[in-house]
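Below is the file final.txt, which contains compact mmCIF, C-alpha atoms.
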```txt
# COMPACT_ATOMS: atom_id res chain seq x y z
CA MET F 1 0.00 0.00 0.00
CA GLY F 2 2.38 2.66 -1.26
CA ARG F 3 6.03 3.18 -0.74
CA PHE F 4 7.21 3.33 2.81
CA ALA F 5 10.39 4.64 4.29
CA ARG F 6 12.82 1.79 4.51
CA THR F 7 13.33 0.60 8.03
CA ARG F 8 16.36 -1.53 7.85
CA ALA F 9 17.45 -2.18 11.43
CA MET F 10 20.69 -4.02 11.73
CA VAL F 11 19.76 -7.34 13.22
CA GLY F 12 22.58 -8.95 15.16
CA ALA F 13 22.38 -12.69 15.45
CA LEU F 14 22.64 -14.26 18.87
CA VAL F 15 26.31 -14.76 19.61
CA LEU F 16 26.91 -18.41 20.26
CA THR F 17 29.95 -20.62 20.42
CA ALA F 18 30.64 -21.40 16.76
CA SER F 19 29.56 -24.91 15.96
CA LEU F 20 32.23 -24.98 13.26
CA ALA F 21 34.90 -24.87 15.96
CA LEU F 22 36.57 -28.24 16.26
CA THR F 23 40.12 -28.93 17.29
CA GLY F 24 42.42 -30.27 14.61
CA CYS F 25 43.30 -33.93 14.78
CA GLY F 26 46.86 -35.22 14.81
CA ASP F 27 49.37 -37.62 16.28
CA ASP F 28 49.72 -38.00 20.02
CA HIS F 29 53.43 -38.83 19.97
CA LYS F 30 55.85 -36.28 21.38
CA GLN F 31 57.62 -34.06 18.88
CA PRO F 32 61.21 -32.82 19.29
CA GLU F 33 61.50 -29.50 21.08
CA VAL F 34 61.32 -26.62 18.63
CA VAL F 35 62.86 -23.21 19.17
CA SER F 36 62.11 -19.91 17.44
CA GLY F 37 62.65 -19.95 13.71
CA GLY F 38 61.61 -23.58 13.38
CA GLN F 39 65.05 -25.08 14.22
CA GLN F 40 64.89 -28.32 16.18
CA ALA F 41 66.78 -28.17 19.44
CA GLY F 42 68.74 -31.29 20.28
CA ALA F 43 67.60 -33.17 17.17
CA SER F 44 69.96 -36.00 16.31
CA ALA F 45 70.39 -37.77 12.98
CA THR F 46 68.74 -41.14 12.58
CA VAL F 47 70.50 -44.19 11.14
CA GLY F 48 69.49 -45.28 7.63
CA PRO F 49 69.37 -48.82 6.26
CA THR F 50 73.02 -48.60 5.16
CA GLY F 51 74.15 -47.65 8.62
CA GLU F 52 74.84 -44.08 7.51
CA PRO F 53 73.13 -41.23 9.38
CA SER F 54 70.08 -39.89 7.52
CA GLN F 55 69.13 -36.21 7.45
CA PRO F 56 66.52 -35.05 10.00
CA ALA F 57 63.23 -33.83 8.59
CA ALA F 58 63.35 -30.19 7.51
CA PRO F 59 61.32 -27.78 9.64
CA LEU F 60 58.03 -26.35 8.40
CA ARG F 61 57.72 -22.72 7.37
CA VAL F 62 54.81 -21.46 9.46
CA SER F 63 52.72 -18.38 8.73
CA PRO F 64 52.47 -15.93 10.44
CA ALA F 65 56.25 -15.90 10.58
CA ASP F 66 58.00 -16.20 13.90
CA GLY F 67 58.28 -12.80 15.55
CA ALA F 68 55.50 -11.19 13.51
CA ASP F 69 53.52 -8.50 15.30
CA ASP F 70 50.42 -6.39 14.65
CA ARG F 71 48.66 -9.38 13.11
CA PRO F 72 44.86 -9.10 12.60
CA VAL F 73 42.71 -11.08 15.02
CA SER F 74 41.25 -12.78 11.91
CA THR F 75 44.64 -14.42 11.29
CA GLU F 76 44.65 -18.02 10.05
CA ILE F 77 47.58 -20.45 10.45
CA SER F 78 49.25 -22.01 7.43
CA ALA F 79 52.48 -23.89 6.76
CA LYS F 80 54.61 -24.92 3.81
CA ILE F 81 56.08 -28.44 3.92
CA PRO F 82 59.36 -28.89 2.03
CA GLY F 83 58.64 -30.80 -1.15
CA GLY F 84 54.90 -30.63 -0.55
CA GLY F 85 52.80 -32.69 1.82
CA GLN F 86 49.90 -32.31 4.21
CA VAL F 87 49.45 -30.59 7.55
CA SER F 88 48.14 -33.04 10.14
CA GLU F 89 47.93 -30.92 13.29
CA VAL F 90 47.91 -27.31 14.41
CA VAL F 91 48.17 -26.32 18.06
CA LEU F 92 47.66 -22.64 18.81
CA THR F 93 48.31 -21.47 22.36
CA ALA F 94 47.87 -18.03 23.89
CA ALA F 95 50.45 -16.54 26.21
CA ASN F 96 48.33 -17.49 29.25
CA GLY F 97 48.46 -21.15 28.23
CA GLU F 98 44.94 -21.37 26.79
CA THR F 99 44.65 -23.55 23.71
CA VAL F 100 42.62 -22.15 20.82
CA ALA F 101 40.20 -24.47 19.03
CA GLY F 102 40.06 -24.43 15.25
CA ARG F 103 39.79 -26.44 12.08
CA MET F 104 41.57 -26.93 8.77
CA ARG F 105 39.89 -25.65 5.65
CA ARG F 106 38.72 -28.44 3.40
CA ASP F 107 41.26 -27.47 0.74
CA GLY F 108 44.08 -27.64 3.31
CA SER F 109 45.13 -24.04 2.66
CA SER F 110 44.98 -22.88 6.28
CA TRP F 111 43.75 -23.58 9.80
CA VAL F 112 40.95 -21.29 11.01
CA PRO F 113 40.54 -20.48 14.73
CA SER F 114 37.00 -21.19 15.91
CA ALA F 115 36.62 -17.63 17.23
CA SER F 116 38.48 -14.41 16.58
CA LEU F 117 41.80 -14.10 18.38
CA LYS F 118 42.21 -11.59 21.20
CA TYR F 119 43.68 -8.18 20.54
CA ALA F 120 47.24 -7.36 21.68
CA THR F 121 47.95 -10.98 22.63
CA ARG F 122 50.93 -13.24 21.98
CA TYR F 123 50.26 -16.66 20.44
CA THR F 124 52.43 -19.64 19.60
CA ALA F 125 51.49 -21.95 16.73
CA THR F 126 53.00 -25.42 16.46
CA VAL F 127 52.30 -27.16 13.16
CA THR F 128 52.93 -30.81 12.33
CA GLY F 129 52.78 -32.27 8.84
CA THR F 130 53.85 -35.20 6.73
CA GLY F 131 56.01 -34.85 3.65
CA PRO F 132 55.64 -36.88 0.43
CA ASP F 133 58.41 -39.17 1.70
CA GLY F 134 56.40 -39.99 4.84
CA GLN F 135 58.66 -38.00 7.13
CA THR F 136 57.11 -35.95 9.94
CA HIS F 137 57.90 -32.25 9.86
CA GLU F 138 57.26 -29.69 12.58
CA GLY F 139 57.51 -25.93 12.81
CA THR F 140 56.64 -23.23 15.28
CA SER F 141 55.94 -19.54 15.24
CA THR F 142 55.25 -16.99 17.95
CA PHE F 143 53.39 -13.86 16.85
CA THR F 144 51.44 -11.00 18.41
CA THR F 145 48.06 -9.62 17.38
CA MET F 146 47.39 -5.93 16.86
CA ALA F 147 45.71 -3.55 19.27
CA LYS F 148 41.99 -3.03 18.79
CA PRO F 149 41.53 -0.66 15.83
CA LYS F 150 39.52 2.53 16.13
CA SER F 151 37.86 2.43 12.70
CA MET F 152 35.45 -0.48 12.21
CA ILE F 153 32.55 -1.35 9.97
CA GLY F 154 29.10 -2.18 11.29
CA SER F 155 27.64 -5.57 10.43
CA GLY F 156 24.44 -7.53 10.84
CA LEU F 157 23.09 -11.03 10.27
CA TYR F 158 19.41 -11.55 9.46
CA LEU F 159 19.14 -14.93 11.14
CA PHE F 160 18.38 -15.81 14.76
CA SER F 161 19.51 -18.91 16.59
CA GLY F 162 16.73 -21.25 17.62
CA LYS F 163 14.23 -19.81 15.11
CA THR F 164 12.43 -21.71 12.33
CA TYR F 165 12.21 -20.12 8.87
CA GLY F 166 10.60 -20.80 5.51
CA VAL F 167 12.31 -22.66 2.68
CA ALA F 168 13.29 -19.44 0.86
CA MET F 169 15.03 -17.78 3.82
CA PRO F 170 18.37 -16.50 2.53
CA VAL F 171 21.30 -15.91 4.81
CA VAL F 172 21.55 -12.11 4.72
CA ALA F 173 24.71 -10.31 5.81
CA GLU F 174 24.73 -6.52 5.99
CA PHE F 175 27.63 -4.06 6.25
CA SER F 176 27.88 -0.35 6.98
CA PRO F 177 29.68 1.13 5.18
CA GLY F 178 29.71 -1.37 2.32
CA ILE F 179 32.61 -3.72 1.62
CA PRO F 180 34.85 -2.34 -1.17
CA LYS F 181 34.81 -4.52 -4.26
CA LYS F 182 38.52 -5.34 -3.97
CA ASP F 183 37.95 -6.75 -0.45
CA ARG F 184 34.87 -8.88 -1.09
CA ALA F 185 36.70 -12.10 -1.95
CA ALA F 186 38.70 -11.97 1.32
CA VAL F 187 35.56 -11.17 3.32
CA GLN F 188 33.54 -13.88 1.57
CA LYS F 189 36.20 -16.46 2.49
CA ARG F 190 35.42 -15.65 6.13
CA MET F 191 31.63 -16.08 5.81
CA PHE F 192 30.98 -19.75 6.60
CA VAL F 193 27.70 -21.60 6.02
CA ARG F 194 26.99 -25.25 6.76
CA THR F 195 23.73 -27.08 6.13
CA ASP F 196 22.44 -30.39 7.43
CA PRO F 197 21.57 -32.23 5.24
CA PRO F 198 24.39 -30.82 3.07
CA GLN F 199 23.29 -28.55 0.22
CA PRO F 200 25.55 -26.48 -2.03
CA GLY F 201 25.21 -22.71 -2.06
CA ALA F 202 26.79 -19.40 -3.01
CA TRP F 203 27.03 -15.75 -1.95
CA HIS F 204 25.77 -12.82 -4.02
CA TRP F 205 26.75 -9.19 -3.29
CA LEU F 206 24.32 -6.27 -3.58
CA TYR F 207 24.10 -2.55 -2.78
CA ASN F 208 27.69 -1.62 -3.47
CA GLY F 209 28.79 -4.17 -0.91
CA THR F 210 26.30 -3.27 1.82
CA GLN F 211 24.52 -6.64 1.60
CA ALA F 212 25.32 -10.21 0.62
CA TYR F 213 22.84 -13.08 0.26
CA TYR F 214 23.57 -16.80 0.57
CA ARG F 215 21.22 -19.38 -0.96
CA ALA F 216 21.20 -22.81 -2.59
CA PRO F 217 20.37 -23.52 -6.26
CA GLU F 218 16.84 -24.50 -5.13
CA TYR F 219 14.80 -23.75 -2.02
CA TRP F 220 16.18 -25.31 1.16
CA LYS F 221 15.01 -28.81 1.94
CA PRO F 222 12.36 -28.82 4.70
CA GLY F 223 13.95 -29.69 8.03
CA THR F 224 17.38 -28.32 7.09
CA THR F 225 19.60 -26.92 9.85
CA ILE F 226 21.63 -23.87 8.78
CA THR F 227 24.73 -22.88 10.77
CA VAL F 228 26.36 -19.56 9.95
CA ARG F 229 29.51 -17.82 11.11
CA LEU F 230 30.44 -14.39 9.79
CA ALA F 231 34.02 -14.49 11.05
CA LEU F 232 34.77 -10.86 10.35
CA ALA F 233 36.20 -9.53 13.63
CA GLY F 234 39.44 -7.72 12.85
CA ILE F 235 39.55 -8.46 9.13
CA PRO F 236 41.44 -5.57 7.46
CA LEU F 237 39.81 -3.68 4.59
CA SER F 238 41.37 -1.46 1.95
CA ASN F 239 39.50 1.62 3.21
CA GLY F 240 41.40 1.52 6.50
CA ARG F 241 38.54 -0.05 8.45
CA TYR F 242 38.33 -3.45 10.12
CA GLY F 243 35.56 -5.95 10.72
CA ASN F 244 33.83 -5.35 14.04
CA VAL F 245 32.66 -8.71 15.45
CA ASP F 246 32.06 -12.35 14.66
CA ARG F 247 28.36 -13.20 14.28
CA THR F 248 26.94 -16.70 14.52
CA ALA F 249 23.53 -18.34 14.30
CA THR F 250 22.04 -21.81 13.98
CA ALA F 251 18.48 -21.94 12.67
CA LYS F 252 16.00 -24.45 11.28
CA ILE F 253 14.03 -24.59 8.04
CA GLY F 254 10.42 -25.68 8.49
CA ARG F 255 7.85 -27.16 6.13
CA SER F 256 7.48 -25.98 2.53
CA PHE F 257 4.84 -23.24 2.19
CA GLU F 258 4.64 -21.28 -1.08
CA MET F 259 2.30 -18.50 -2.20
CA LYS F 260 1.90 -17.88 -5.94
CA VAL F 261 -0.05 -14.83 -7.15
CA ASP F 262 -1.23 -14.43 -10.76
CA ASN F 263 -2.34 -10.98 -11.86
CA ALA F 264 -4.22 -12.45 -14.83
CA THR F 265 -6.61 -14.35 -12.57
CA LYS F 266 -6.34 -12.13 -9.46
CA LYS F 267 -5.84 -15.31 -7.45
CA MET F 268 -3.27 -16.58 -4.93
CA SER F 269 -2.55 -20.32 -4.96
CA VAL F 270 -1.16 -21.61 -1.65
CA TYR F 271 0.92 -24.79 -1.60
CA GLU F 272 2.04 -26.71 1.46
CA ASP F 273 4.64 -29.44 0.97
CA GLY F 274 3.90 -29.26 -2.75
CA ALA F 275 0.12 -29.75 -2.49
CA LEU F 276 -2.41 -27.00 -3.31
CA VAL F 277 -4.25 -26.25 -0.05
CA ARG F 278 -6.23 -23.09 -0.85
CA THR F 279 -6.93 -20.53 -3.58
CA LEU F 280 -7.56 -16.94 -2.45
CA ALA F 281 -9.00 -13.93 -4.27
CA VAL F 282 -6.64 -10.92 -4.28
CA SER F 283 -6.48 -7.32 -5.39
CA LEU F 284 -3.06 -6.07 -6.47
CA GLY F 285 -1.67 -2.60 -7.17
CA LYS F 286 -3.59 -0.36 -9.55
CA LYS F 287 -1.82 0.83 -12.72
CA SER F 288 -0.46 4.00 -11.10
CA THR F 289 1.02 2.00 -8.17
CA PRO F 290 1.56 -1.53 -9.52
CA SER F 291 2.69 -4.50 -7.45
CA SER F 292 6.15 -5.90 -8.18
CA SER F 293 6.48 -9.10 -10.20
CA GLY F 294 9.12 -11.51 -8.94
CA THR F 295 9.86 -13.90 -6.12
CA MET F 296 9.84 -12.22 -2.73
CA VAL F 297 10.16 -13.52 0.82
CA VAL F 298 8.08 -12.82 3.92
CA MET F 299 10.44 -10.53 5.86
CA GLU F 300 8.33 -9.38 8.79
CA LYS F 301 4.91 -10.09 10.31
CA LYS F 302 2.68 -7.70 12.27
CA GLU F 303 -0.75 -8.76 13.43
CA SER F 304 -1.76 -5.10 13.61
CA THR F 305 0.04 -1.95 12.45
CA VAL F 306 -0.55 1.50 10.99
CA PHE F 307 0.41 2.52 7.46
CA ASP F 308 1.29 6.23 7.46
CA THR F 309 2.20 7.64 4.05
CA ARG F 310 1.72 11.34 4.72
CA ASP F 311 5.30 11.99 3.57
CA GLU F 312 4.51 10.76 0.04
CA PRO F 313 4.83 13.51 -2.63
CA ASP F 314 1.61 12.43 -4.37
CA PRO F 315 -1.44 13.60 -2.36
CA ASP F 316 -3.45 10.65 -3.74
CA ASN F 317 -1.05 8.29 -1.95
CA GLN F 318 -1.15 10.00 1.43
CA TYR F 319 -3.15 8.25 4.14
CA VAL F 320 -3.08 6.83 7.65
CA THR F 321 -4.73 3.43 7.89
CA LYS F 322 -4.86 0.68 10.49
CA ILE F 323 -3.84 -2.63 8.92
CA ASP F 324 -4.38 -6.19 10.16
CA PHE F 325 -2.33 -9.32 9.39
CA ALA F 326 0.47 -7.45 7.57
CA GLN F 327 3.36 -9.44 6.08
CA ARG F 328 6.19 -7.37 4.59
CA LEU F 329 7.54 -8.38 1.16
CA THR F 330 9.72 -5.39 0.16
CA TRP F 331 11.63 -2.54 1.75
CA GLY F 332 9.55 -0.24 -0.46
CA GLY F 333 6.37 -1.06 1.42
CA GLU F 334 4.65 -3.93 -0.38
CA TYR F 335 2.81 -6.30 1.96
CA ILE F 336 0.28 -9.07 1.98
CA HIS F 337 -2.46 -7.86 4.31
CA ALA F 338 -6.15 -7.95 5.09
CA ALA F 339 -8.12 -5.23 3.28
CA PRO F 340 -11.81 -5.42 4.18
CA TRP F 341 -12.47 -2.24 2.15
CA SER F 342 -11.55 -4.03 -1.10
CA GLU F 343 -13.23 -7.40 -0.47
CA GLY F 344 -15.96 -6.55 -2.98
CA VAL F 345 -13.49 -6.34 -5.87
CA GLN F 346 -10.89 -8.90 -4.81
CA GLY F 347 -10.49 -11.48 -7.55
CA ARG F 348 -11.66 -8.97 -10.18
CA VAL F 349 -10.00 -5.52 -10.00
CA ASN F 350 -6.67 -4.14 -8.77
CA VAL F 351 -7.16 -1.18 -6.42
CA SER F 352 -4.24 -1.27 -3.96
CA HIS F 353 -1.17 0.94 -3.73
CA GLY F 354 1.09 -2.03 -4.52
CA CYS F 355 0.19 -4.51 -1.79
CA VAL F 356 -1.49 -7.90 -2.11
CA ASN F 357 -4.96 -7.34 -0.63
CA VAL F 358 -6.88 -10.32 0.76
CA SER F 359 -10.04 -10.61 2.81
CA MET F 360 -10.00 -10.38 6.59
CA ALA F 361 -10.66 -14.12 6.91
CA ASN F 362 -7.97 -15.05 4.38
CA GLY F 363 -5.54 -12.58 5.92
CA ARG F 364 -5.90 -14.27 9.29
CA TRP F 365 -5.67 -17.74 7.72
CA LEU F 366 -2.39 -16.87 5.98
CA PHE F 367 -0.92 -15.03 8.97
CA ASP F 368 -1.48 -18.04 11.21
CA ARG F 369 0.42 -20.35 8.81
CA THR F 370 3.32 -18.40 7.36
CA LEU F 371 6.92 -18.18 8.54
CA ILE F 372 9.53 -15.52 7.95
CA GLY F 373 11.31 -16.79 4.85
CA ASP F 374 8.26 -18.24 3.06
CA PRO F 375 8.39 -17.43 -0.68
CA VAL F 376 5.78 -15.27 -2.44
CA THR F 377 5.87 -15.15 -6.25
CA VAL F 378 3.86 -12.49 -8.11
CA ARG F 379 3.64 -12.54 -11.89
CA GLY F 380 2.02 -10.54 -14.66
CA THR F 381 2.16 -7.01 -13.23
CA GLU F 382 3.45 -3.82 -14.85
CA ARG F 383 6.56 -3.57 -12.66
CA LYS F 384 9.50 -5.92 -12.16
CA LEU F 385 10.87 -6.46 -8.66
CA ALA F 386 14.01 -4.33 -8.23
CA PRO F 387 17.11 -6.20 -6.99
CA GLY F 388 17.58 -5.54 -3.29
CA ASN F 389 14.04 -4.29 -2.73
CA GLY F 390 13.56 -6.87 -0.01
CA TRP F 391 15.35 -10.21 0.20
CA THR F 392 15.43 -10.73 -3.55
CA ALA F 393 17.91 -13.63 -3.60
CA TRP F 394 15.34 -15.92 -5.29
CA SER F 395 14.14 -13.43 -7.89
CA MET F 396 16.89 -14.43 -10.31
CA SER F 397 18.05 -17.68 -11.85
CA TRP F 398 20.91 -19.62 -10.27
CA SER F 399 23.19 -18.72 -13.21
CA GLU F 400 22.44 -15.03 -12.63
CA PHE F 401 22.80 -15.33 -8.88
CA ILE F 402 26.32 -16.80 -8.89
CA LYS F 403 27.57 -13.93 -11.05
CA GLY F 404 27.35 -11.83 -7.89
CA SER F 405 29.84 -14.01 -6.01
CA ALA F 406 33.29 -12.55 -5.29
CA LEU F 407 34.80 -16.05 -5.57
CA PRO F 408 34.47 -18.68 -8.31
CA VAL F 409 31.47 -20.95 -7.78
CA PRO F 410 31.85 -24.60 -8.84
CA GLU F 411 29.15 -26.04 -11.04
CA GLY F 412 26.16 -26.81 -8.83
CA GLY F 413 27.36 -24.53 -6.02
CA ALA F 414 30.08 -24.41 -3.38
CA GLY F 415 30.22 -26.75 -0.43
CA PRO F 416 31.19 -25.78 3.14
CA ALA F 417 34.72 -24.55 3.82
CA PHE F 418 35.31 -27.33 6.37
```

Would you mind writing the structure in this file as structure tokens?
Amino acid sequence: MGRFARTRAMVGALVLTASLALTGCGDDHKQPEVVSGGQQAGASATVGPTGEPSQPAAPLRVSPADGADDRPVSTEISAKIPGGGQVSEVVLTAANGETVAGRMRRDGSSWVPSASLKYATRYTATVTGTGPDGQTHEGTSTFTTMAKPKSMIGSGLYLFSGKTYGVAMPVVAEFSPGIPKKDRAAVQKRMFVRTDPPQPGAWHWLYNGTQAYYRAPEYWKPGTTITVRLALAGIPLSNGRYGNVDRTATAKIGRSFEMKVDNATKKMSVYEDGALVRTLAVSLGKKSTPSSSGTMVVMEKKESTVFDTRDEPDPDNQYVTKIDFAQRLTWGGEYIHAAPWSEGVQGRVNVSHGCVNVSMANGRWLFDRTLIGDPVTVRGTERKLAPGNGWTAWSMSWSEFIKGSALPVPEGGAGPAF
């Protein structure tokens, strides 16, 4: 019912212990003592099959380098094994003796702490790996993190732990100011999503870097658990700012519930778990204020609210009206809601200011059954849904969506980083 001022509150997810945080696995046998620089103290040569002493295994080159300071608290641990090979264990210990949990990336490129490191703190990383010849290599590095920076971005995560969402709920990350284009790949590498059962997915950047959506090629499977960690605390950006905090959430996807609106018939078809359960008469936006065509998502629900459009420039669009069973679809002010004043023309004529009008009875029926994240598809109107006007992650094909990723997306979508 008209365009409303965008109310985009930054929604911080509940901060939980990251479920991605698992300690690395490795051998339990004791390694030789290692001193700064990766040189083994007191290491003696072993005897080869010919009776001649064999060379001890070369030390690993650990990153951050030994003695490094002012490291970001988003620092990951990596190591280079002479001749190639595989890291088997990383132990990261703070100066107070606390061991930091973490996990290797699936591609083996680095070990990621399960939570951001502490500012102005000394850490020691001990890395063990196996070379192509089967020899065990070890290296160590002691480094110090930077002091807390003064200039940080703001961030938000539109997902709450313990909540249940509809099958079209995207993971929505928001940044203020936006992430510069040159930094998006590095930031995206620190935005972790896991689903159970596993489903591939990808990120898509919008709004000059102020928002990023994560979704799968198709709607989430009902019953899916989504675990998210935006591990952005301390990540350095090219504009001199740093990430502010880590944000985490674990949420559930409920049953499948889809609403499909056809302007040609002025009807809404409602499907639950793939079966048509009800057909409702609707009235959409009149020609001067058409409804948007595209796939939207229920973003917010209010059993009762007031629409106040007195700041609209067009006097014909200025009004103050009490509204029941309102379900927001766009930032611009399009809703599904009960409209008893238009019940006489619903199913026949479009008279709204852009909203999907339904009867009072149907408005209540829908409101009692929908979840945040349920998809609403409108087709056949005079206006196309604008990207970013709401959670528009599903209003484009998968091939279009992945073009907005800052990192290459494998065919079918990317899997989890761990």

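Polymer residues near (56.9, -15.3, 9.4): counting all atoms listed in the file with a cut-off of 9 Å, they are Gly37, Arg61, Val62, Ser63, Pro64, Ala65, Asp66, Gly67, Ala68, Ser141, Thr142 and Phe143 of chain F.
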
Could you check how far atom CA of F:Leu371 sits from atom CA of F:His204, in Å to one decimal?
->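 Those two atoms sit 23.3 Å apart.
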
Between F:Pro222, F:Pro180, F:Gly294, F:Pro72, which one has atoms that come closest to F:Gln199, using all atoms listed in the file?
->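 Closest candidate: F:Pro222.
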
Would you be able to write out as a list in words which residues have an atom within 8 Å of (-3.0, -13.4, 3.7) in the file's coordinates, counting all atoms listed in the file?
->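 Residues with an atom at most 8 Å from (-3.0, -13.4, 3.7): Phe325, Ala326, Gln327, Ile336, His337, Ala338, Asn357, Val358, Ser359, Asn362, Gly363, Arg364, Trp365, Leu366 and Phe367 of chain F.
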
Tell me, as an MDAnalysis selection string, which residues lie within 8 Å of stretch 176-178 of chain F, counting all atoms listed in the file; anything in the same chain fewer than 3 positions away does not count.
-> chainID F and resid 153:155 207:211

Take the residues that were just selected and, keeping C-alpha atoms, output them as a tab-separated table (two decimals), in the coordinates of the input.
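As a result, result-v6.tsv now contains:
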```tsv
chain	number	residue	atom	x	y	z
F	153	ILE	CA	32.55	-1.35	9.97
F	154	GLY	CA	29.10	-2.18	11.29
F	155	SER	CA	27.64	-5.57	10.43
F	207	TYR	CA	24.10	-2.55	-2.78
F	208	ASN	CA	27.69	-1.62	-3.47
F	209	GLY	CA	28.79	-4.17	-0.91
F	210	THR	CA	26.30	-3.27	1.82
F	211	GLN	CA	24.52	-6.64	1.60
```

Residues of stretch 138-248 of chain F at most 8 Å from stretch 409-418 of chain F: nearest atom pair and distance in Å, all atoms listed in the file, as JSON lines:
```
{"residue": "F:Phe192", "atom": "CA", "partner": "F:Ala417", "partner_atom": "CA", "distance": 6.7}
{"residue": "F:Val193", "atom": "CA", "partner": "F:Pro416", "partner_atom": "CA", "distance": 6.2}
{"residue": "F:Arg194", "atom": "CA", "partner": "F:Pro416", "partner_atom": "CA", "distance": 5.6}
{"residue": "F:Pro198", "atom": "CA", "partner": "F:Gly415", "partner_atom": "CA", "distance": 7.9}
{"residue": "F:Gln199", "atom": "CA", "partner": "F:Gly415", "partner_atom": "CA", "distance": 7.2}
{"residue": "F:Pro200", "atom": "CA", "partner": "F:Gly413", "partner_atom": "CA", "distance": 4.8}
{"residue": "F:Gly201", "atom": "CA", "partner": "F:Gly413", "partner_atom": "CA", "distance": 4.9}
{"residue": "F:Ala202", "atom": "CA", "partner": "F:Gly413", "partner_atom": "CA", "distance": 6.0}
{"residue": "F:Ala216", "atom": "CA", "partner": "F:Gly413", "partner_atom": "CA", "distance": 7.3}
{"residue": "F:Pro217", "atom": "CA", "partner": "F:Gly413", "partner_atom": "CA", "distance": 7.1}
```

Same residues, C-alpha atoms, output as a JSON list (two decimals), in the coordinates of the input:
```json
[["chain", "number", "residue", "atom", "x", "y", "z"],
["F", 192, "PHE", "CA", 30.98, -19.75, 6.60],
["F", 193, "VAL", "CA", 27.70, -21.60, 6.02],
["F", 194, "ARG", "CA", 26.99, -25.25, 6.76],
["F", 198, "PRO", "CA", 24.39, -30.82, 3.07],
["F", 199, "GLN", "CA", 23.29, -28.55, 0.22],
["F", 200, "PRO", "CA", 25.55, -26.48, -2.03],
["F", 201, "GLY", "CA", 25.21, -22.71, -2.06],
["F", 202, "ALA", "CA", 26.79, -19.40, -3.01],
["F", 216, "ALA", "CA", 21.20, -22.81, -2.59],
["F", 217, "PRO", "CA", 20.37, -23.52, -6.26]]
```

Report the distance between atom CA of F:Thr93 and atom CA of F:Gly240 in Å, rounded to one decimal place.
-> 28.8 Å

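Distances to F:Ile226 were evaluated for F:Ser397, F:Val245, F:Phe160, F:Arg278 using all atoms listed in the file, and the minimum falls at F:Phe160.
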
With distances taken over all atoms listed in the file, which of F:Gly354, F:Gly84, F:Pro236, F:Gly134 is nearest to F:Asp70?
->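 Of F:Gly354, F:Gly84, F:Pro236, F:Gly134, the one nearest F:Asp70, counting all atoms listed in the file, is F:Pro236.
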
Show me a table, sorted first by chain and then by increasing residue number, of the residues of stretch 258-288 of chain F having an atom at most 7 Å from stretch 380-391 of chain F, each with its shortest atom pair and the distance in Å to one decimal, counting only C-alpha atoms and written as CSV.
```
residue,atom,partner,partner_atom,distance
F:Asp262,CA,F:Gly380,CA,6.4
F:Asn263,CA,F:Gly380,CA,5.2
F:Ala264,CA,F:Gly380,CA,6.5
```

Considering all atoms listed in the file, state which residue in the set F:Thr370, F:Ser291, F:Ala58, F:Ala406 is at the smallest distance from F:Met191.
-> F:Ala406

Would you mind listing what lies within 10 Å of F:Asn239 as a ChimeraX atom specification, with all atoms listed in the file counted and same-chain residues fewer than 5 positions away left out?
-> /F:151,179-180,183

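Take the candidates F:Lys252, F:Arg241, F:Arg369, F:Lys302 and check each one against F:Gly162 using only C-alpha atoms; the shortest distance goes to F:Lys252.
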